[in-house]
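S.K.: Input file: run-v9.tsv. Contents: TSV, C-alpha atoms.
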chain	number	residue	atom	x	y	z
C	1	MET	CA	-18.84	5.13	-2.28
C	2	SER	CA	-20.63	6.13	-5.46
C	3	ARG	CA	-20.43	9.46	-7.22
C	4	VAL	CA	-23.02	11.20	-9.36
C	5	SER	CA	-22.34	13.69	-12.15
C	6	VAL	CA	-23.83	17.14	-11.55
C	7	PRO	CA	-25.45	18.87	-14.57
C	8	CYS	CA	-23.64	22.15	-15.07
C	9	HIS	CA	-23.30	25.07	-17.47
C	10	VAL	CA	-19.74	26.10	-18.35
C	11	LYS	CA	-19.61	29.76	-19.33
C	12	GLY	CA	-17.26	31.22	-21.88
C	13	THR	CA	-13.66	31.92	-20.96
C	14	VAL	CA	-12.89	35.42	-19.67
C	15	SER	CA	-9.38	36.80	-20.14
C	16	LEU	CA	-7.74	38.81	-17.37
C	17	GLN	CA	-4.79	41.14	-17.74
C	18	VAL	CA	-3.73	41.61	-14.11
C	19	GLY	CA	-1.06	39.68	-12.31
C	20	ASP	CA	0.75	37.82	-15.11
C	21	MET	CA	3.09	38.80	-17.90
C	22	ARG	CA	1.69	39.12	-21.40
C	23	SER	CA	3.23	37.53	-24.43
C	24	SER	CA	4.54	39.39	-27.44
C	25	GLN	CA	1.19	38.79	-29.14
C	26	GLY	CA	-0.72	40.42	-26.30
C	27	ARG	CA	-2.44	37.32	-25.01
C	28	PRO	CA	-3.21	37.31	-21.29
C	29	GLY	CA	-1.69	34.91	-18.80
C	30	VAL	CA	-4.88	34.51	-16.73
C	31	LEU	CA	-8.19	32.99	-17.76
C	32	VAL	CA	-11.39	32.62	-15.73
C	33	ILE	CA	-14.07	29.99	-16.34
C	34	ASP	CA	-17.34	30.19	-14.39
C	35	VAL	CA	-19.46	27.08	-13.86
C	36	THR	CA	-23.09	27.34	-12.77
C	37	PHE	CA	-25.66	24.74	-11.73
C	38	PRO	CA	-29.03	26.20	-12.78
C	39	ASN	CA	-31.19	23.14	-12.12
C	40	VAL	CA	-29.44	21.76	-9.05
C	41	ALA	CA	-29.98	22.55	-5.39
C	42	PRO	CA	-26.90	23.41	-3.28
C	43	PHE	CA	-24.81	20.26	-3.10
C	44	GLU	CA	-21.63	18.88	-1.55
C	45	LEU	CA	-18.87	18.67	-4.13
C	46	GLN	CA	-17.07	15.34	-4.18
C	47	GLU	CA	-14.73	15.48	-7.19
C	48	ILE	CA	-13.71	17.62	-10.17
C	49	THR	CA	-12.22	16.03	-13.29
C	50	PHE	CA	-10.90	17.65	-16.46
C	51	LYS	CA	-8.28	17.41	-19.15
C	52	ASN	CA	-5.58	20.01	-18.92
C	53	TYR	CA	-4.43	21.92	-21.97
C	54	TYR	CA	-1.20	23.79	-21.20
C	55	THR	CA	-2.46	25.40	-17.99
C	56	ALA	CA	0.36	25.84	-15.49
C	57	PHE	CA	-1.53	26.75	-12.30
C	58	LEU	CA	-5.14	26.35	-11.21
C	59	SER	CA	-7.07	28.11	-8.46
C	60	ILE	CA	-10.69	27.35	-7.59
C	61	ARG	CA	-13.24	29.59	-5.87
C	62	VAL	CA	-16.74	28.50	-4.88
C	63	ARG	CA	-19.87	30.43	-4.03
C	64	GLN	CA	-21.66	28.81	-1.12
C	65	HIS	CA	-25.13	29.09	0.30
C	66	THR	CA	-24.94	30.14	3.94
C	67	SER	CA	-28.38	31.04	5.29
C	68	VAL	CA	-31.51	32.94	4.33
C	69	HIS	CA	-30.44	36.13	6.09
C	70	THR	CA	-26.77	35.98	5.06
C	71	PRO	CA	-25.66	36.75	1.50
C	72	THR	CA	-23.73	34.11	-0.38
C	73	LYS	CA	-19.97	34.44	-0.37
C	74	TRP	CA	-17.03	33.42	-2.54
C	75	VAL	CA	-14.37	31.27	-0.89
C	76	THR	CA	-11.01	30.14	-2.27
C	77	CYS	CA	-10.77	26.38	-1.89
C	78	LEU	CA	-7.71	25.69	-4.08
C	79	ARG	CA	-4.81	28.06	-4.66
C	80	ASN	CA	-2.18	27.80	-7.43
C	81	TYR	CA	-2.39	24.04	-7.86
C	82	CYS	CA	0.50	23.11	-10.19
C	83	LEU	CA	-0.53	21.31	-13.37
C	84	MET	CA	2.76	21.75	-15.28
C	85	PRO	CA	5.79	21.22	-13.03
C	86	ASP	CA	8.30	22.43	-15.64
C	87	PRO	CA	7.32	25.50	-17.69
C	88	HIS	CA	9.94	24.65	-20.32
C	89	SER	CA	8.60	21.16	-21.04
C	90	GLU	CA	5.21	19.67	-21.80
C	91	GLU	CA	5.06	17.50	-18.69
C	92	GLY	CA	1.46	17.52	-17.45
C	93	ALA	CA	0.36	19.79	-20.30
C	94	GLN	CA	-2.36	17.43	-21.55
C	95	ASP	CA	-2.97	15.15	-18.58
C	96	TYR	CA	-6.32	14.14	-17.13
C	97	VAL	CA	-6.68	15.54	-13.60
C	98	SER	CA	-8.92	14.56	-10.69
C	99	LEU	CA	-9.31	16.82	-7.68
C	100	PHE	CA	-11.13	15.57	-4.59
C	101	LYS	CA	-12.81	17.46	-1.78
C	102	HIS	CA	-10.17	16.42	0.77
C	103	GLN	CA	-7.61	18.39	-1.28
C	104	MET	CA	-9.58	21.61	-0.89
C	105	LEU	CA	-8.87	24.32	1.66
C	106	CYS	CA	-12.49	24.79	2.75
C	107	ASP	CA	-15.72	22.93	3.27
C	108	MET	CA	-17.24	21.89	-0.07
C	109	SER	CA	-20.88	21.70	1.01
C	110	LYS	CA	-23.79	23.85	-0.23
C	111	ILE	CA	-22.07	24.76	-3.50
C	112	LEU	CA	-23.94	27.18	-5.76
C	113	GLU	CA	-21.30	28.20	-8.30
C	114	LEU	CA	-17.73	27.38	-9.25
C	115	ARG	CA	-14.96	29.57	-10.65
C	116	LEU	CA	-11.76	28.22	-12.19
C	117	ILE	CA	-8.82	30.61	-12.43
C	118	LEU	CA	-6.19	29.40	-14.91
C	119	ARG	CA	-2.67	30.82	-15.08
C	120	GLN	CA	0.11	30.35	-17.59
C	121	PRO	CA	2.93	32.85	-16.91
C	122	SER	CA	5.26	31.43	-19.54
C	123	PRO	CA	5.09	33.08	-23.00
C	124	LEU	CA	5.99	29.71	-24.56
C	125	TRP	CA	2.40	28.50	-24.32
C	126	LEU	CA	0.07	31.12	-25.77
C	127	SER	CA	-3.10	29.02	-25.74
C	128	PHE	CA	-4.26	27.19	-22.60
C	129	THR	CA	-7.53	26.04	-21.02
C	130	VAL	CA	-9.19	23.00	-19.41
C	131	GLU	CA	-11.42	20.60	-21.32
C	132	GLU	CA	-13.99	17.89	-20.58
C	133	LEU	CA	-14.88	19.42	-17.22
C	134	GLN	CA	-17.01	17.19	-14.98
C	135	ILE	CA	-18.39	17.92	-11.51
C	136	TYR	CA	-19.46	15.15	-9.15
C	137	HIS	CA	-21.27	15.02	-5.85
C	138	GLN	CA	-21.59	12.13	-3.44
C	139	GLY	CA	-24.23	9.62	-4.48
C	140	PRO	CA	-26.42	7.49	-2.22
C	141	LYS	CA	-24.55	5.11	0.00
C	142	SER	CA	-24.50	1.54	-1.19
C	143	PRO	CA	-26.51	-0.90	0.93
C	144	SER	CA	-24.47	-2.58	3.61
C	145	VAL	CA	-23.39	-6.11	2.90
C	146	ALA	CA	-24.43	-8.71	5.47
C	147	PHE	CA	-21.06	-10.16	6.46
C	148	PRO	CA	-21.01	-13.25	8.69
C	149	LYS	CA	-20.67	-12.26	12.32
C	150	TRP	CA	-18.41	-15.18	13.17
C	151	LEU	CA	-15.93	-12.80	14.80
C	152	SER	CA	-18.39	-11.56	17.41
C	153	HIS	CA	-21.71	-13.30	18.01
C	154	PRO	CA	-22.60	-15.68	15.18
C	155	VAL	CA	-26.12	-16.88	14.79
C	156	PRO	CA	-26.54	-20.70	14.79
C	157	CYS	CA	-26.74	-20.97	11.01
C	158	GLU	CA	-23.47	-19.01	10.64
C	159	GLN	CA	-21.46	-20.77	13.34
C	160	PRO	CA	-18.48	-22.73	12.02
C	161	PRO	CA	-18.09	-26.35	13.12
C	162	PRO	CA	-16.34	-26.75	16.48
C	163	LEU	CA	-12.62	-26.42	16.18
C	164	PRO	CA	-11.71	-29.66	18.05
C	165	GLU	CA	-13.62	-31.66	15.41
C	166	GLN	CA	-11.36	-30.18	12.75
C	167	GLY	CA	-8.22	-31.31	14.53
C	168	LEU	CA	-7.42	-27.75	15.67
C	169	PRO	CA	-6.91	-26.61	19.27
C	170	ASP	CA	-9.70	-25.02	21.23
C	171	PRO	CA	-9.14	-21.22	21.09
C	172	SER	CA	-10.12	-20.78	24.74
C	173	ARG	CA	-7.48	-23.30	25.82
C	174	VAL	CA	-4.86	-21.85	23.48
C	175	SER	CA	-5.26	-18.44	25.10
C	176	SER	CA	-4.76	-19.79	28.63
C	177	GLU	CA	-1.83	-22.01	27.61
C	178	VAL	CA	-0.09	-19.10	25.87
C	179	GLN	CA	-0.45	-17.03	29.04
C	180	GLN	CA	1.01	-19.87	31.12
C	181	MET	CA	3.96	-20.23	28.76
C	182	TRP	CA	4.59	-16.50	28.90
C	183	ALA	CA	4.50	-16.55	32.72
C	184	LEU	CA	6.89	-19.51	32.78
C	185	THR	CA	9.27	-17.74	30.40
C	186	GLU	CA	9.32	-14.70	32.66
C	187	MET	CA	10.04	-16.87	35.70
C	188	VAL	CA	12.90	-18.62	33.92
C	189	ARG	CA	14.31	-15.29	32.76
C	190	ALA	CA	14.19	-13.96	36.32
C	191	ASN	CA	15.99	-17.01	37.76
C	192	HIS	CA	19.31	-17.29	35.92
C	193	THR	CA	20.37	-20.51	37.73
C	194	SER	CA	17.36	-22.41	36.44
C	195	THR	CA	18.40	-21.70	32.87
C	196	ARG	CA	21.63	-23.58	33.45
C	197	ILE	CA	19.95	-26.86	34.45
C	198	GLY	CA	20.22	-29.49	31.75
C	199	ARG	CA	23.13	-27.84	29.88
C	200	PHE	CA	26.58	-29.33	29.28
C	201	ASP	CA	29.50	-27.12	30.12
C	202	VAL	CA	32.48	-26.82	27.83
C	203	ASP	CA	34.68	-29.06	30.01
C	204	GLY	CA	32.20	-31.94	29.85
C	205	CYS	CA	30.71	-31.48	33.31
C	206	TYR	CA	26.97	-31.68	33.68
C	207	ASP	CA	25.99	-28.43	35.36
C	208	LEU	CA	23.94	-29.52	38.37
C	209	ASN	CA	26.05	-27.62	40.89
C	210	LEU	CA	27.11	-30.51	43.15
C	211	LEU	CA	26.55	-33.31	40.63
C	212	SER	CA	29.43	-34.06	38.26
C	213	TYR	CA	29.09	-35.84	34.93
C	214	THR	CA	32.67	-37.09	35.10
Transcribe the structure of this file into structure tokens.

M.R.:
Amino acid sequence: MSRVSVPCHVKGTVSLQVGDMRSSQGRPGVLVIDVTFPNVAPFELQEITFKNYYTAFLSIRVRQHTSVHTPTKWVTCLRNYCLMPDPHSEEGAQDYVSLFKHQMLCDMSKILELRLILRQPSPLWLSFTVEELQIYHQGPKSPSVAFPKWLSHPVPCEQPPPLPEQGLPDPSRVSSEVQQMWALTEMVRANHTSTRIGRFDVDGCYDLNLLSYT
């Protein structure tokens, strides 16, 4: 399935003061980045990619088009997604991240606007953001490939040569013979005396009840 990049406008970062501790230099622990799509009709979001830069947690809210008579609404589709597992190390601090629509908490259709909420509660990392942000929607479906229908109803030009000519058993006969062997196995398993016919006992006697080998 193909994906198509959506032209977008990334607004400047807005700093928030509520909800996270502030460092000794007074820098906030929460940043908000709004993304708009001025020349694009409401679309179904397929994937978001970006490069992290010391952001610890990411939440995403989307504004969706509902109907003509209903005002648009903001919905949280991702909440506190962890980008840095250990706040005391740089693991994940500068990784490339891909988020897909199946990871979201809500339907990602009819998107009008996107809001990224970045959090970094640790005072060790004073500067954080996301870079190289890309938004994708689902592209046109690729044309279906004409696979040979030899498993169902092959046309004459696609039919393989008959199996008996290749030295292989006829599949219709194999199926019936397998069923007969299974039925015979069940009959033998049910009749314990029949399983003893043709076996030699430990003392050298041929086990045919009344017939003795010695």

S.K.: Name the closest residue to C:Leu83 among the candidates C:Ile135, C:Ala41, C:Asn52, C:Val10; distances are taken between atoms, counting only C-alpha atoms.

M.R.: C:Asn52

S.K.: Between C:Lys11, C:Lys73, C:Lys101, C:Arg119, which is the closest to C:Ser59 once you count only C-alpha atoms?

M.R.: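 Closest residue, counting only C-alpha atoms: C:Arg119.
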
S.K.: Given the choices C:Phe57, C:Trp182, C:Phe43, C:Phe100, which gets closest to C:Leu31 if the distance is worked out from only C-alpha atoms?

M.R.: C:Phe57

S.K.: Find, counting all atoms listed in the file, the residue in C:Gln94, C:Gln138, C:Ser109, C:Ser122 that gets nearest to C:Cys77.

M.R.: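 With all atoms listed in the file as the atom set, the closest residue is C:Ser109.
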
S.K.: Out of C:Pro38, C:Glu91, C:Glu113, C:Pro121, which residue has the shortest atom-to-atom distance to C:Val75 when counting only C-alpha atoms?

M.R.: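 With only C-alpha atoms as the atom set, the closest residue is C:Glu113.
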
S.K.: Please check which residues have atoms at most 9 Å from (-21.8, 22.5, -13.3) in the file's coordinates, counting all atoms listed in the file, and write them as a ChimeraX atom specification.

M.R.: /C:5-10,34-38,40,113-114,133-136

S.K.: Just to confirm, what's the straight-line distance from atom CA of C:Asp107 to atom CA of C:Pro140 in Å (one decimal)?

M.R.: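 Value for the atom CA of C:Asp107-atom CA of C:Pro140 distance: 19.6 Å.
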
S.K.: For a test of reading the model, state the distance in Å between atom CA of C:Ser67 and atom CA of C:Leu99, rounded to one decimal.

M.R.: 27.1 Å

S.K.: Record the distance separating atom CA of C:Ile33 and atom CA of C:Tyr81, expressed in Å with one decimal.

M.R.: 15.6 Å

S.K.: Could you check which of C:Thr49, C:Cys106, C:Ala93, C:Cys82 is closest to C:Val62, using all atoms listed in the file?

M.R.: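 Result for the nearest residue to C:Val62: C:Cys106.
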
S.K.: Complete the atoms of stretch 74-85 of chain C to all heavy atoms and put them out as a short mmCIF file (atom, residue, chain, number, x, y, z; two decimals), in the frame of the given file.

M.R.:
data_model
loop_
_atom_site.label_atom_id
_atom_site.label_comp_id
_atom_site.auth_asym_id
_atom_site.auth_seq_id
_atom_site.Cartn_x
_atom_site.Cartn_y
_atom_site.Cartn_z
N TRP C 74 -18.03 34.15 -1.78
CA TRP C 74 -17.03 33.42 -2.54
C TRP C 74 -15.88 33.03 -1.62
O TRP C 74 -15.39 33.85 -0.84
CB TRP C 74 -16.52 34.26 -3.70
CG TRP C 74 -17.48 34.38 -4.84
CD1 TRP C 74 -18.41 35.35 -5.03
CD2 TRP C 74 -17.61 33.47 -5.94
NE1 TRP C 74 -19.12 35.13 -6.20
CE2 TRP C 74 -18.63 33.97 -6.78
CE3 TRP C 74 -16.95 32.30 -6.31
CZ2 TRP C 74 -19.02 33.34 -7.95
CZ3 TRP C 74 -17.33 31.66 -7.48
CH2 TRP C 74 -18.35 32.18 -8.28
N VAL C 75 -15.45 31.79 -1.72
CA VAL C 75 -14.37 31.27 -0.89
C VAL C 75 -13.36 30.58 -1.79
O VAL C 75 -13.73 29.82 -2.69
CB VAL C 75 -14.89 30.28 0.17
CG1 VAL C 75 -13.75 29.78 1.05
CG2 VAL C 75 -15.98 30.91 1.02
N THR C 76 -12.07 30.82 -1.54
CA THR C 76 -11.01 30.14 -2.27
C THR C 76 -10.76 28.78 -1.65
O THR C 76 -10.40 28.68 -0.47
CB THR C 76 -9.71 30.97 -2.26
OG1 THR C 76 -9.95 32.24 -2.86
CG2 THR C 76 -8.61 30.25 -3.02
N CYS C 77 -10.95 27.73 -2.42
CA CYS C 77 -10.77 26.38 -1.89
C CYS C 77 -9.54 25.68 -2.47
O CYS C 77 -9.15 24.61 -1.99
CB CYS C 77 -12.02 25.54 -2.13
SG CYS C 77 -12.48 25.39 -3.86
N LEU C 78 -8.94 26.23 -3.50
CA LEU C 78 -7.71 25.69 -4.08
C LEU C 78 -6.90 26.85 -4.64
O LEU C 78 -7.43 27.67 -5.39
CB LEU C 78 -8.02 24.67 -5.18
CG LEU C 78 -6.83 23.83 -5.68
CD1 LEU C 78 -6.35 22.87 -4.60
CD2 LEU C 78 -7.21 23.05 -6.94
N ARG C 79 -5.61 26.91 -4.27
CA ARG C 79 -4.81 28.06 -4.66
C ARG C 79 -3.54 27.61 -5.37
O ARG C 79 -2.72 26.88 -4.82
CB ARG C 79 -4.44 28.89 -3.42
CG ARG C 79 -3.83 30.26 -3.72
CD ARG C 79 -3.37 30.93 -2.44
NE ARG C 79 -4.44 31.05 -1.48
CZ ARG C 79 -5.31 32.06 -1.46
NH1 ARG C 79 -5.21 33.03 -2.35
NH2 ARG C 79 -6.26 32.09 -0.54
N ASN C 80 -3.39 28.03 -6.64
CA ASN C 80 -2.18 27.80 -7.43
C ASN C 80 -1.75 26.33 -7.43
O ASN C 80 -0.60 25.99 -7.16
CB ASN C 80 -1.04 28.68 -6.90
CG ASN C 80 -1.29 30.15 -7.17
OD1 ASN C 80 -1.95 30.52 -8.14
ND2 ASN C 80 -0.77 31.00 -6.30
N TYR C 81 -2.70 25.46 -7.73
CA TYR C 81 -2.39 24.04 -7.86
C TYR C 81 -1.59 23.83 -9.16
O TYR C 81 -2.02 24.21 -10.25
CB TYR C 81 -3.68 23.23 -7.90
CG TYR C 81 -3.48 21.73 -7.95
CD1 TYR C 81 -3.24 21.00 -6.79
CD2 TYR C 81 -3.53 21.05 -9.17
CE1 TYR C 81 -3.06 19.63 -6.84
CE2 TYR C 81 -3.34 19.68 -9.23
CZ TYR C 81 -3.11 18.98 -8.06
OH TYR C 81 -2.92 17.61 -8.10
N CYS C 82 -0.42 23.23 -9.05
CA CYS C 82 0.50 23.11 -10.19
C CYS C 82 0.07 21.97 -11.10
O CYS C 82 -0.02 20.82 -10.68
CB CYS C 82 1.93 22.89 -9.69
SG CYS C 82 3.15 22.85 -11.02
N LEU C 83 -0.16 22.31 -12.36
CA LEU C 83 -0.53 21.31 -13.37
C LEU C 83 0.62 21.01 -14.32
O LEU C 83 0.63 19.96 -14.97
CB LEU C 83 -1.75 21.80 -14.17
CG LEU C 83 -3.02 22.03 -13.36
CD1 LEU C 83 -4.11 22.62 -14.25
CD2 LEU C 83 -3.51 20.75 -12.72
N MET C 84 1.56 21.95 -14.45
CA MET C 84 2.76 21.75 -15.28
C MET C 84 3.99 22.03 -14.43
O MET C 84 4.35 23.19 -14.21
CB MET C 84 2.73 22.67 -16.51
CG MET C 84 1.68 22.32 -17.54
SD MET C 84 1.73 23.45 -18.98
CE MET C 84 3.37 23.12 -19.64
N PRO C 85 4.65 21.00 -13.93
CA PRO C 85 5.79 21.22 -13.03
C PRO C 85 6.93 22.00 -13.67
O PRO C 85 7.60 22.79 -13.01
CB PRO C 85 6.23 19.80 -12.65
CG PRO C 85 5.04 18.94 -12.94
CD PRO C 85 4.33 19.59 -14.08
#
